[in-house]
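Okay, data.pdb now, which holds PDB, C-alpha atoms, pLDDT in the B column:
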```
ATOM      1  CA  THR V   1      21.066 -27.512 -71.551  1.00 86.00           C
ATOM      2  CA  ILE V   2      22.522 -29.826 -74.185  1.00 89.00           C
ATOM      3  CA  ASP V   3      25.618 -31.842 -73.270  1.00 92.00           C
ATOM      4  CA  ILE V   4      27.722 -33.038 -76.216  1.00 92.00           C
ATOM      5  CA  ALA V   5      30.882 -35.158 -76.237  1.00 94.00           C
ATOM      6  CA  TYR V   6      33.074 -36.337 -79.095  1.00 93.00           C
ATOM      7  CA  GLU V   7      35.874 -38.875 -79.218  1.00 96.00           C
ATOM      8  CA  ILE V   8      38.346 -38.836 -82.087  1.00 96.00           C
ATOM      9  CA  THR V   9      40.655 -41.829 -82.505  1.00 97.00           C
ATOM     10  CA  VAL V  10      43.742 -41.592 -84.708  1.00 97.00           C
ATOM     11  CA  GLU V  11      45.734 -44.693 -85.697  1.00 97.00           C
ATOM     12  CA  ASN V  12      49.161 -44.960 -87.311  1.00 97.00           C
ATOM     13  CA  HIS V  13      49.191 -47.838 -89.808  1.00 96.00           C
ATOM     14  CA  ARG V  14      52.718 -47.101 -90.969  1.00 94.00           C
ATOM     15  CA  ASP V  15      55.896 -48.887 -89.918  1.00 94.00           C
ATOM     16  CA  ARG V  16      57.448 -45.630 -88.727  1.00 96.00           C
ATOM     17  CA  LYS V  17      56.588 -42.823 -86.319  1.00 97.00           C
ATOM     18  CA  ALA V  18      54.012 -40.300 -87.547  1.00 96.00           C
ATOM     19  CA  ALA V  19      53.351 -36.711 -86.494  1.00 96.00           C
ATOM     20  CA  VAL V  20      49.642 -35.934 -86.852  1.00 95.00           C
ATOM     21  CA  SER V  21      47.814 -32.634 -86.521  1.00 96.00           C
ATOM     22  CA  VAL V  22      44.115 -32.932 -85.606  1.00 96.00           C
ATOM     23  CA  HIS V  23      41.733 -29.992 -86.016  1.00 96.00           C
ATOM     24  CA  ASP V  24      38.182 -29.860 -84.665  1.00 93.00           C
ATOM     25  CA  HIS V  25      35.948 -27.181 -83.243  1.00 90.00           C
ATOM     26  CA  ILE V  26      33.252 -26.411 -80.744  1.00 89.00           C
ATOM     27  CA  PRO V  27      30.347 -24.165 -81.765  1.00 88.00           C
ATOM     28  CA  VAL V  28      30.519 -20.437 -81.160  1.00 88.00           C
ATOM     29  CA  SER V  29      27.271 -18.585 -80.508  1.00 87.00           C
ATOM     30  CA  THR V  30      26.594 -15.096 -81.776  1.00 85.00           C
ATOM     31  CA  ASP V  31      23.301 -15.025 -79.835  1.00 84.00           C
ATOM     32  CA  GLY V  32      23.637 -13.655 -76.296  1.00 86.00           C
ATOM     33  CA  ASP V  33      20.896 -16.025 -75.047  1.00 88.00           C
ATOM     34  CA  ILE V  34      22.840 -19.112 -76.164  1.00 90.00           C
ATOM     35  CA  LYS V  35      25.983 -19.946 -74.227  1.00 92.00           C
ATOM     36  CA  VAL V  36      28.545 -22.593 -75.246  1.00 91.00           C
ATOM     37  CA  ARG V  37      30.930 -23.784 -72.556  1.00 90.00           C
ATOM     38  CA  ALA V  38      33.874 -26.142 -73.006  1.00 88.00           C
ATOM     39  CA  ARG V  39      33.837 -28.771 -70.255  1.00 91.00           C
ATOM     40  CA  GLU V  40      36.547 -31.393 -70.714  1.00 90.00           C
ATOM     41  CA  THR V  41      39.272 -31.871 -73.266  1.00 92.00           C
ATOM     42  CA  THR V  42      41.737 -34.750 -73.004  1.00 95.00           C
ATOM     43  CA  PRO V  43      44.507 -34.347 -73.883  1.00 95.00           C
ATOM     44  CA  ALA V  44      44.630 -30.572 -73.721  1.00 94.00           C
ATOM     45  CA  PRO V  45      44.775 -29.013 -77.196  1.00 95.00           C
ATOM     46  CA  ALA V  46      48.061 -27.512 -78.357  1.00 95.00           C
ATOM     47  CA  SER V  47      46.088 -24.426 -79.382  1.00 95.00           C
ATOM     48  CA  SER V  48      42.580 -22.988 -79.533  1.00 92.00           C
ATOM     49  CA  ASP V  49      41.131 -19.771 -80.893  1.00 91.00           C
ATOM     50  CA  ASP V  50      38.139 -17.445 -80.453  1.00 87.00           C
ATOM     51  CA  LEU V  51      36.312 -19.181 -83.326  1.00 89.00           C
ATOM     52  CA  GLY V  52      36.221 -22.457 -81.374  1.00 88.00           C
ATOM     53  CA  GLU V  53      38.932 -24.259 -83.358  1.00 93.00           C
ATOM     54  CA  LEU V  54      40.957 -26.757 -81.354  1.00 94.00           C
ATOM     55  CA  THR V  55      44.259 -28.193 -82.591  1.00 96.00           C
ATOM     56  CA  TRP V  56      46.181 -31.169 -81.251  1.00 96.00           C
ATOM     57  CA  THR V  57      49.630 -32.335 -82.332  1.00 96.00           C
ATOM     58  CA  LEU V  58      50.135 -36.054 -81.798  1.00 96.00           C
ATOM     59  CA  ASP V  59      53.255 -38.186 -82.202  1.00 96.00           C
ATOM     60  CA  LEU V  60      52.171 -41.742 -82.900  1.00 96.00           C
ATOM     61  CA  PRO V  61      54.591 -44.681 -82.746  1.00 97.00           C
ATOM     62  CA  PRO V  62      54.416 -47.336 -85.492  1.00 97.00           C
ATOM     63  CA  GLY V  63      51.104 -49.184 -85.105  1.00 95.00           C
ATOM     64  CA  GLY V  64      50.077 -46.849 -82.288  1.00 96.00           C
ATOM     65  CA  SER V  65      46.878 -44.931 -81.706  1.00 96.00           C
ATOM     66  CA  SER V  66      45.649 -42.012 -79.650  1.00 96.00           C
ATOM     67  CA  ALA V  67      42.190 -40.841 -78.581  1.00 97.00           C
ATOM     68  CA  ILE V  68      41.036 -37.255 -78.136  1.00 96.00           C
ATOM     69  CA  THR V  69      37.902 -36.524 -76.120  1.00 95.00           C
ATOM     70  CA  HIS V  70      36.226 -33.165 -75.877  1.00 91.00           C
ATOM     71  CA  ARG V  71      32.946 -32.210 -74.270  1.00 94.00           C
ATOM     72  CA  PHE V  72      30.920 -29.009 -74.200  1.00 93.00           C
ATOM     73  CA  THR V  73      27.489 -27.797 -73.135  1.00 93.00           C
ATOM     74  CA  VAL V  74      25.071 -25.506 -74.903  1.00 92.00           C
ATOM     75  CA  GLU V  75      22.756 -23.534 -72.628  1.00 92.00           C
ATOM     76  CA  HIS V  76      19.711 -21.924 -74.218  1.00 91.00           C
ATOM     77  CA  PRO V  77      16.206 -20.712 -73.339  1.00 90.00           C
ATOM     78  CA  ALA V  78      13.574 -23.477 -73.442  1.00 86.00           C
ATOM     79  CA  GLN V  79      11.647 -21.824 -76.280  1.00 84.00           C
ATOM     80  CA  VAL V  80      14.737 -21.691 -78.560  1.00 79.00           C
ATOM     81  CA  THR V  81      15.547 -24.610 -80.863  1.00 79.00           C
ATOM     82  CA  VAL V  82      19.275 -25.085 -81.409  1.00 79.00           C
ATOM     83  CA  THR V  83      20.351 -26.832 -84.618  1.00 72.00           C
ATOM     84  CA  GLY V  84      23.610 -27.623 -86.355  1.00 70.00           C
ATOM     85  CA  LEU V  85      25.460 -29.196 -83.453  1.00 68.00           C
TER      86      LEU V  85
END
```
Serialized structure, structure tokens:
Amino acid sequence: TIDIAYEITVENHRDRKAAVSVHDHIPVSTDGDIKVRARETTPAPASSDDLGELTWTLDLPPGGSSAITHRFTVEHPAQVTVTGL
């Protein structure tokens, strides 16, 4: 099992409010022996799809920032090497 976590930080350097759309993804396996499971996502994404794309919509105040954390695990047989994560 491989446990992977990402943190994305977005900052607003403008002097006015900013609406930001953040897109990221988790891997999707086409191999039945490899399973990808989403574990934690904070804040919850505004949308997600079957291809693993996650979308957040953030409203940032002037000078403000926001962090997005998402974590997933990849389960695979010991003899299989998983790349591209």
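Within 9 Å of region 37-47 of chain V, once all atoms listed in the file are used and residues closer than 5 positions along the same chain are dropped, the contacting residues are Ala5, Ile26, Glu53, Leu54, Thr55, Trp56, Thr57, Ala67, Ile68, Thr69, His70, Arg71, Phe72, Thr73, Val74 and Glu75 of chain V.
The two atoms in question, CA of Leu60 (chain V) and CA of Val20 (chain V), are spaced 7.5 Å apart.
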- Residues matched by the PyMOL selection byres ((chain V and resi 31) around 12), written as an NGL selection string: :V and (27-30 or 32-36 or 74-77 or 80 or 82)
If the PyMOL selection byres ((chain V and resi 13) around 12) were run on this exact file, what residues would it hold? Put them as a PyMOL selection string. chain V and resi 10-12+14-18+60-65
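Our summary of the geometry notes that CA of Gly84 (chain V) is positioned 27.2 Å from CA of Ser66 (chain V).
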Could you give me the centre and size, in Å to one decimal, of an axis-aligned box around all listed atoms of region 1-20 of chain V with 5 Å added on every side, as AutoDock Vina command-line options?
```
--center_x 39.3 --center_y -38.2 --center_z -81.3 --size_x 46.4 --size_y 31.4 --size_z 29.4
```
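Across the structure, CA of Thr81 (chain V) and CA of Ile2 (chain V) are spaced 11.0 Å apart.
When all atoms listed in the file are used to measure the gap to Thr9 (chain V), the shortest distance among V:Ala78, V:His25, V:Leu58, V:Leu51 belongs to V:Leu58.
With all atoms listed in the file as the basis for measurement, V:Thr1 is the residue among V:Gly52, V:Tyr6, V:Ala19, V:Thr1 that approaches Gln79 (chain V) most closely.
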Model the absent atoms of region 35-51 of chain V so that N, CA and C atoms are present, and write the result as a compact mmCIF listing (two decimals), in the coordinates of the input.
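What landed in result25.txt:
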```txt
# COMPACT_ATOMS: atom_id res chain seq x y z
N LYS V 35 24.62 -19.90 -74.77
CA LYS V 35 25.98 -19.95 -74.23
C LYS V 35 26.59 -21.33 -74.47
N VAL V 36 27.80 -21.35 -75.02
CA VAL V 36 28.54 -22.59 -75.25
C VAL V 36 29.72 -22.60 -74.29
N ARG V 37 29.85 -23.68 -73.53
CA ARG V 37 30.93 -23.78 -72.56
C ARG V 37 31.70 -25.08 -72.76
N ALA V 38 33.02 -24.96 -72.93
CA ALA V 38 33.87 -26.14 -73.01
C ALA V 38 33.94 -26.76 -71.62
N ARG V 39 33.82 -28.08 -71.54
CA ARG V 39 33.84 -28.77 -70.26
C ARG V 39 35.11 -29.57 -70.04
N GLU V 40 35.37 -30.53 -70.88
CA GLU V 40 36.55 -31.39 -70.71
C GLU V 40 37.21 -31.58 -72.06
N THR V 41 38.52 -31.56 -72.07
CA THR V 41 39.27 -31.87 -73.27
C THR V 41 40.51 -32.65 -72.84
N THR V 42 40.62 -33.90 -73.36
CA THR V 42 41.74 -34.75 -73.00
C THR V 42 42.30 -35.39 -74.26
N PRO V 43 43.55 -35.22 -74.56
CA PRO V 43 44.51 -34.35 -73.88
C PRO V 43 44.20 -32.89 -74.19
N ALA V 44 44.84 -32.01 -73.47
CA ALA V 44 44.63 -30.57 -73.72
C ALA V 44 45.09 -30.23 -75.13
N PRO V 45 44.35 -29.38 -75.84
CA PRO V 45 44.78 -29.01 -77.20
C PRO V 45 46.06 -28.19 -77.16
N ALA V 46 46.84 -28.31 -78.24
CA ALA V 46 48.06 -27.51 -78.36
C ALA V 46 47.70 -26.05 -78.56
N SER V 47 46.54 -25.80 -79.20
CA SER V 47 46.09 -24.43 -79.38
C SER V 47 44.58 -24.40 -79.56
N SER V 48 44.01 -23.23 -79.30
CA SER V 48 42.58 -22.99 -79.53
C SER V 48 42.43 -21.51 -79.86
N ASP V 49 41.33 -21.17 -80.55
CA ASP V 49 41.13 -19.77 -80.89
C ASP V 49 39.72 -19.32 -80.55
N ASP V 50 39.44 -18.04 -80.79
CA ASP V 50 38.14 -17.44 -80.45
C ASP V 50 37.00 -17.97 -81.32
N LEU V 51 37.33 -18.62 -82.44
CA LEU V 51 36.31 -19.18 -83.33
C LEU V 51 35.97 -20.62 -82.96
```
